[in-house]
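Engineer: After the structure tokens below, expect a handful of questions from me.
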Amino acid sequence: MPLDKPYLDIPGTTIFDAEQSRKGYWLNQFCMSLMKSVNRERFKADERAYLDEWPMNEEQKLAVLARDLNRCMAAGGNIYFLAKIGATDGLSFQQMAGSMTGMTEDEYRDMMVGGGRSIEGNRHIGEDGSAQAYRQPQGRAGSL
Amino acid sequence: MARITASVYTSHVPAIGAALDLGKANEPYWQKVFSGYNFSKQWMKDHRPDVIFLVYNDHATAFSLEMIPTFAIGTAAEYAPADEGWGPRPVPKVVGHPVLASHIAQSVIQDDFDLTIVNRMDVDHGLTVPLSLMCGTQDPATGAWPCPVIPFAVNVVQYPVPSGRRCFMLGQAIRRAVQRFDEPLNVHIWGTGGMSHQLQGPRAGLINREWDNQFLDELIASPAQLAQRPHVDYVREAGSEGIELVMWLIARGAMADVAGGPAPRVAHRFYHVPASNTAVGHLILEEQS
């Protein structure tokens with residue numbers, strides 16, 4: 001009998017379950033290595049060479065080099081691990097979270113100060129909320 | 001015997017720690033957050049515990065994907081604030097209570113909860129931000145937290161996390177364990193994390209004010225019913241990281257009314273949006289006996 005995964009119909013959301021964790025094991029362990037300042041320095045000095053020391057697949061490496069966190073998530077990354085890349089780059093959690101929406105930093109901050117993203121239309125895939133696939137990207141980040 | 005006299009619930013947003021550590025606490029944005037804790041800091045002075053049993057989650061700090069314990073109890077003498085990639089928070093080390101922690105571990109495991117026992121770990125913002133909020137800022141060298149702390153880490157990073165029902169039952173087992181301890185210690189149990197927030201994907205920034213406040217209402221008045229709520233409700237309604245709220249049910253399960261005693265008194269309630277990406281919720285419940 002298949003596992004029950006009732007969370008697969010939530011729009012704009014990747015749940016880090018056992019399958020994602022298995023896919024992303026080395027990507028996340030690479031991120032974990034950035035907790036040590038000596039590794040942060042080595043990564044910053046030559047990102048590609050540092051990534052090549054890890055048994056990650058090419059898509060995972062390219063996603064990291066592009067700093068595309070949605071791509072990293074799809075490749076098995078978990079946000080708490082990916083945050084180590086953001087810390088290495090000097091980014092806050094808000095900057096990292098905002099980068100996944102297509103909004104500029106200001107647009108995302110304004111949304112949060114205004115009470116955050118509404119749940120309406122964002123509970124199930126197929127509704128009409130701001131997180132639905134057909135409404136991406138949500139802001140002007142890509143056009144700057 | 002030892003007894004639990006109060007439970008405390010609070011979000012543990014990392015940006016709150018950063019705001020305190022970087023001297024931004026007086027900025028209007030952060031004042032709105034910290035104003036909700038002025039009462040709490042005085043309350044902590046007036047109701048100083050002997051030990052805090054602090055339920056939190058590790059954020060890929062002490063536990064990588066190499067080991068993922070569902071429930072981990074710290075039985076060490078002390079814990080260092082972790083370097084999460086931005087450098088360690090400049091806060092005092094956390095002093096443990098190995099004797100009570102070991103006692104609780106043995107009792108709770110005999111009560112059928114399979115805890116992982118941790119004798120060495122660093123503690124991240126999940127544990128130190130609640131201490132800063134409730135106890136005020138402390139100098140890392142000359143300051144100290146008001147009492148020993150028993151860290152209790154729950155896996156809420158890799159799905160499935162423990163169910164609300166399981167967390168609620170665990171709280172009841174922790175209560176029994178504390179009551180079996182001979183020394184007359186005054187113990188607080190804290191549940192941290194939440195409230196609604198999502199840090200990932202196109203749905204990042206989700207906040208559900210109505211759901212959060214209903215959660216607070218039910219946590220106070222009908223926790224056994226709240227504990228039946230399935231995971232997917234948290235994720236769908238409160239965001240992928242809103243699932244942290246199951247940890248509040250551990251603290252709530254340890255209160256007297258769940259074991260047939262009187263209902264707790266709501267000493268303080270606070271809710272504010274936002275702190276960074278997150279809805280901040282905070283409750284203090286005092287035992288009436």
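Residues are named by chain letter and number: chains run A, B, ... in the order of the structure tokens, numbers start at 1 in each chain, and ligands are numbered from 1 in the order shown.
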At a cut-off of 8 Å, using only C-alpha atoms, what residues contact Leu34 in chain A? Leave out same-chain residues fewer than 5 positions from it and give the result as a short mmCIF file (atom, residue, chain, number, x, y, z; two decimals) with N, CA and C atoms, in the first residue's frame.
Structural biologist:
```
data_model
loop_
_atom_site.label_atom_id
_atom_site.label_comp_id
_atom_site.auth_asym_id
_atom_site.auth_seq_id
_atom_site.Cartn_x
_atom_site.Cartn_y
_atom_site.Cartn_z
N ASN A 39 35.60 26.16 5.86
CA ASN A 39 34.93 25.65 4.65
C ASN A 39 34.23 26.77 3.89
N ARG A 40 33.67 27.73 4.62
CA ARG A 40 33.05 28.88 3.95
C ARG A 40 34.09 29.61 3.09
N LYS A 84 22.46 27.73 5.19
CA LYS A 84 23.91 27.87 5.42
C LYS A 84 24.58 28.55 4.22
N ILE A 85 24.02 28.32 3.02
CA ILE A 85 24.55 29.02 1.84
C ILE A 85 24.24 30.51 1.97
N THR A 88 26.53 32.12 4.35
CA THR A 88 27.84 32.31 3.73
C THR A 88 27.83 33.56 2.85
N GLY B 85 26.28 29.66 11.27
CA GLY B 85 26.75 30.16 9.98
C GLY B 85 26.97 31.67 10.02
#
```
Engineer: Select residues of chain A: the criterion is any atom within 7 Å of an atom of chain B, counting only C-alpha atoms; output as number ranges by chain.
Structural biologist: A: 6-7, 10-13, 15-18, 25, 29, 32, 34-35, 70, 79-81, 84, 87-88, 94, 97-98, 100-101, 112-113, 115-119, 123, 131
Engineer: Keeping only N, CA and C atoms, write the selected residues as a compact mmCIF listing (two decimals), in the first residue's frame.
Structural biologist:
```txt
# COMPACT_ATOMS: atom_id res chain seq x y z
N PRO A 6 -0.75 13.43 1.97
CA PRO A 6 -1.84 14.39 1.72
C PRO A 6 -1.34 15.80 1.46
N TYR A 7 -0.03 16.02 1.61
CA TYR A 7 0.52 17.38 1.49
C TYR A 7 0.96 17.70 0.07
N ILE A 10 -0.56 20.98 -1.92
CA ILE A 10 -0.42 22.35 -1.40
C ILE A 10 0.41 23.14 -2.40
N PRO A 11 -0.07 24.26 -2.89
CA PRO A 11 0.66 24.99 -3.93
C PRO A 11 1.94 25.63 -3.39
N GLY A 12 2.96 25.71 -4.25
CA GLY A 12 4.17 26.46 -3.92
C GLY A 12 4.91 25.95 -2.70
N THR A 13 4.81 24.67 -2.44
CA THR A 13 5.33 24.11 -1.19
C THR A 13 5.95 22.74 -1.46
N ILE A 15 7.38 19.60 0.66
CA ILE A 15 7.55 19.04 2.00
C ILE A 15 8.77 18.13 1.99
N PHE A 16 9.65 18.37 2.95
CA PHE A 16 10.91 17.62 3.04
C PHE A 16 10.65 16.28 3.71
N ASP A 17 10.18 15.33 2.90
CA ASP A 17 9.87 14.00 3.45
C ASP A 17 11.04 13.05 3.19
N ALA A 18 10.83 11.78 3.49
CA ALA A 18 11.93 10.82 3.39
C ALA A 18 12.47 10.75 1.96
N TYR A 25 20.45 14.18 0.12
CA TYR A 25 21.37 13.93 1.23
C TYR A 25 22.70 14.69 1.07
N GLN A 29 24.23 17.86 3.09
CA GLN A 29 25.46 17.68 3.87
C GLN A 29 26.55 18.67 3.42
N MET A 32 25.72 21.73 5.18
CA MET A 32 26.10 21.60 6.59
C MET A 32 27.59 21.92 6.78
N LEU A 34 29.22 24.14 5.53
CA LEU A 34 29.45 25.59 5.55
C LEU A 34 29.26 26.19 6.94
N MET A 35 28.94 25.35 7.92
CA MET A 35 28.90 25.83 9.30
C MET A 35 30.30 26.16 9.81
N ASN A 70 14.62 27.62 -5.18
CA ASN A 70 13.52 26.73 -5.60
C ASN A 70 14.08 25.49 -6.31
N ILE A 79 15.28 23.84 3.55
CA ILE A 79 15.55 25.26 3.75
C ILE A 79 16.50 25.52 4.92
N TYR A 80 16.42 24.71 5.97
CA TYR A 80 17.32 24.96 7.11
C TYR A 80 18.76 24.64 6.76
N PHE A 81 18.96 23.69 5.86
CA PHE A 81 20.32 23.40 5.38
C PHE A 81 20.74 24.46 4.36
N LYS A 84 22.46 27.73 5.19
CA LYS A 84 23.91 27.87 5.42
C LYS A 84 24.58 28.55 4.22
N ALA A 87 23.80 32.17 4.70
CA ALA A 87 24.65 32.74 5.74
C ALA A 87 26.04 33.03 5.19
N THR A 88 26.53 32.12 4.35
CA THR A 88 27.84 32.31 3.73
C THR A 88 27.83 33.56 2.85
N GLN A 94 14.88 36.22 5.73
CA GLN A 94 13.85 36.92 4.96
C GLN A 94 14.29 37.11 3.51
N ALA A 97 13.98 33.58 1.87
CA ALA A 97 12.59 33.18 1.63
C ALA A 97 12.01 34.01 0.49
N GLY A 98 12.28 35.31 0.52
CA GLY A 98 11.74 36.19 -0.50
C GLY A 98 12.25 35.84 -1.90
N MET A 100 12.55 33.16 -3.27
CA MET A 100 11.83 32.04 -3.89
C MET A 100 10.46 32.46 -4.45
N THR A 101 10.11 33.73 -4.29
CA THR A 101 8.79 34.19 -4.71
C THR A 101 8.83 35.02 -5.99
N MET A 112 5.17 41.20 4.13
CA MET A 112 5.19 40.71 5.51
C MET A 112 4.68 41.78 6.49
N VAL A 113 5.14 43.00 6.30
CA VAL A 113 4.70 44.07 7.21
C VAL A 113 3.19 44.28 7.07
N GLY A 115 1.06 42.05 6.86
CA GLY A 115 0.31 40.93 7.43
C GLY A 115 0.63 39.59 6.80
N GLY A 116 1.55 39.59 5.84
CA GLY A 116 1.97 38.32 5.24
C GLY A 116 1.09 37.89 4.08
N ARG A 117 1.46 36.75 3.52
CA ARG A 117 0.70 36.21 2.39
C ARG A 117 -0.62 35.62 2.90
N SER A 118 -1.69 35.93 2.21
CA SER A 118 -3.00 35.41 2.62
C SER A 118 -3.10 33.91 2.33
N ILE A 119 -3.82 33.22 3.19
CA ILE A 119 -4.09 31.80 2.99
C ILE A 119 -5.15 31.59 1.91
N ARG A 123 -4.57 27.22 -0.33
CA ARG A 123 -4.63 25.96 0.42
C ARG A 123 -4.40 24.75 -0.48
N ALA A 131 0.25 32.00 -4.60
CA ALA A 131 1.31 30.99 -4.65
C ALA A 131 1.08 29.96 -5.76
```
Engineer: Where in range 126-177 of chain B does DSSP assign strand (DSSP E), given as an MDAnalysis selection string?
Structural biologist: chainID B and resid 149:154
Engineer: Tell me which protein, DNA and RNA residues are within 9 Å of range 46-60 of chain A, counting only C-alpha atoms, leaving out same-chain ones fewer than 3 positions away, and put them as an MDAnalysis selection string.
Structural biologist: chainID A and resid 24:27 29:30 39 41:43 63:65 71:72 75:77
Engineer: Go ahead and dump the residues you just picked, N, CA and C atoms, as a PDB file, in the first residue's frame.
Structural biologist:
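Saved as result_6.pdb:
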```pdb
ATOM      1  N   GLY A  24      18.273  14.482  -1.524  1.00  0.00           N
ATOM      2  CA  GLY A  24      19.080  15.657  -1.235  1.00  0.00           C
ATOM      3  C   GLY A  24      20.181  15.451  -0.216  1.00  0.00           C
ATOM      4  N   TYR A  25      20.450  14.179   0.118  1.00  0.00           N
ATOM      5  CA  TYR A  25      21.373  13.926   1.227  1.00  0.00           C
ATOM      6  C   TYR A  25      22.700  14.692   1.075  1.00  0.00           C
ATOM      7  N   TRP A  26      23.367  14.541  -0.070  1.00  0.00           N
ATOM      8  CA  TRP A  26      24.697  15.158  -0.196  1.00  0.00           C
ATOM      9  C   TRP A  26      24.606  16.657  -0.388  1.00  0.00           C
ATOM     10  N   LEU A  27      23.555  17.117  -1.054  1.00  0.00           N
ATOM     11  CA  LEU A  27      23.346  18.572  -1.164  1.00  0.00           C
ATOM     12  C   LEU A  27      23.239  19.181   0.235  1.00  0.00           C
ATOM     13  N   GLN A  29      24.232  17.861   3.093  1.00  0.00           N
ATOM     14  CA  GLN A  29      25.460  17.678   3.873  1.00  0.00           C
ATOM     15  C   GLN A  29      26.549  18.667   3.420  1.00  0.00           C
ATOM     16  N   PHE A  30      26.564  18.968   2.120  1.00  0.00           N
ATOM     17  CA  PHE A  30      27.458  20.045   1.644  1.00  0.00           C
ATOM     18  C   PHE A  30      27.111  21.351   2.362  1.00  0.00           C
ATOM     19  N   ASN A  39      35.603  26.160   5.858  1.00  0.00           N
ATOM     20  CA  ASN A  39      34.930  25.654   4.655  1.00  0.00           C
ATOM     21  C   ASN A  39      34.231  26.773   3.890  1.00  0.00           C
ATOM     22  N   GLU A  41      35.282  29.762   3.652  1.00  0.00           N
ATOM     23  CA  GLU A  41      36.340  30.450   2.904  1.00  0.00           C
ATOM     24  C   GLU A  41      36.750  29.650   1.667  1.00  0.00           C
ATOM     25  N   ARG A  42      36.888  28.357   1.820  1.00  0.00           N
ATOM     26  CA  ARG A  42      37.285  27.518   0.676  1.00  0.00           C
ATOM     27  C   ARG A  42      36.210  27.540  -0.400  1.00  0.00           C
ATOM     28  N   PHE A  43      34.937  27.484   0.010  1.00  0.00           N
ATOM     29  CA  PHE A  43      33.826  27.530  -0.951  1.00  0.00           C
ATOM     30  C   PHE A  43      33.842  28.849  -1.700  1.00  0.00           C
ATOM     31  N   ALA A  63      22.293  24.276  -9.383  1.00  0.00           N
ATOM     32  CA  ALA A  63      21.288  25.013  -8.608  1.00  0.00           C
ATOM     33  C   ALA A  63      21.954  25.849  -7.512  1.00  0.00           C
ATOM     34  N   VAL A  64      22.986  25.286  -6.887  1.00  0.00           N
ATOM     35  CA  VAL A  64      23.716  26.032  -5.850  1.00  0.00           C
ATOM     36  C   VAL A  64      24.464  27.207  -6.474  1.00  0.00           C
ATOM     37  N   LEU A  65      25.168  26.941  -7.582  1.00  0.00           N
ATOM     38  CA  LEU A  65      25.937  28.013  -8.232  1.00  0.00           C
ATOM     39  C   LEU A  65      25.020  29.156  -8.662  1.00  0.00           C
ATOM     40  N   ARG A  71      15.108  25.695  -7.134  1.00  0.00           N
ATOM     41  CA  ARG A  71      15.744  24.571  -7.815  1.00  0.00           C
ATOM     42  C   ARG A  71      16.439  23.659  -6.797  1.00  0.00           C
ATOM     43  N   CYS A  72      17.072  24.264  -5.814  1.00  0.00           N
ATOM     44  CA  CYS A  72      17.724  23.477  -4.755  1.00  0.00           C
ATOM     45  C   CYS A  72      16.700  22.634  -3.996  1.00  0.00           C
ATOM     46  N   ALA A  75      15.629  19.698  -5.929  1.00  0.00           N
ATOM     47  CA  ALA A  75      16.696  18.698  -5.996  1.00  0.00           C
ATOM     48  C   ALA A  75      16.944  18.025  -4.641  1.00  0.00           C
ATOM     49  N   GLY A  76      16.061  18.268  -3.686  1.00  0.00           N
ATOM     50  CA  GLY A  76      16.171  17.584  -2.398  1.00  0.00           C
ATOM     51  C   GLY A  76      16.699  18.447  -1.263  1.00  0.00           C
ATOM     52  N   GLY A  77      16.894  19.716  -1.509  1.00  0.00           N
ATOM     53  CA  GLY A  77      17.396  20.590  -0.447  1.00  0.00           C
ATOM     54  C   GLY A  77      16.326  20.881   0.598  1.00  0.00           C
TER      55      GLY A  77
END
```
Engineer: Just give me the gap between CA of Thr75 in chain B and CA of Arg175 in chain B in Å, one decimal is fine.
Structural biologist: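 Rounded to one decimal, the two atoms are 17.3 Å apart.
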Engineer: Please list as a list in words every residue within 6 Å of Gly253 in chain B, counting only C-alpha atoms and excluding residues in the same chain fewer than 2 positions away.
Structural biologist: Phe168, Gly171, Gln172, Leu249, Ile250, Ala251 and Met255 of chain B
Engineer: Have a look at CA of Leu115 in chain B and CA of Ala254 in chain B and let me know their distance in Å, one decimal.
Structural biologist: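 Between CA of Leu115 in chain B and CA of Ala254 in chain B the gap is 16.7 Å.
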Engineer: Report as a list of chain:residue names all protein, DNA and RNA residues lying within 12 Å of Glu218 in chain B, evaluated on only C-alpha atoms, omitting residues in the same chain fewer than 5 positions from it.
Structural biologist: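 Residues meeting the cut-off are B:Trp211, B:Asp212, B:Asn213, B:Pro223, B:Ala224, B:Gln225, B:Leu226, B:Ala227, B:Gln228, B:Arg229, B:Trp248, B:Leu249, B:Arg252.
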Engineer: Just want the 10 Å neighbourhood of range 101-112 of chain B, counted on only C-alpha atoms, with same-chain residues fewer than 4 positions away dropped. Output as a PyMOL selection string.
Structural biologist: chain B and resi 53+72-77+96-97+116-117+149-152+170-181
Engineer: Mind pulling up the distance from CA of Trp43 in chain B to CA of Leu185 in chain B?
Structural biologist: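 Result for CA of Leu185 in chain B versus CA of Trp43 in chain B: 18.1 Å, one decimal.
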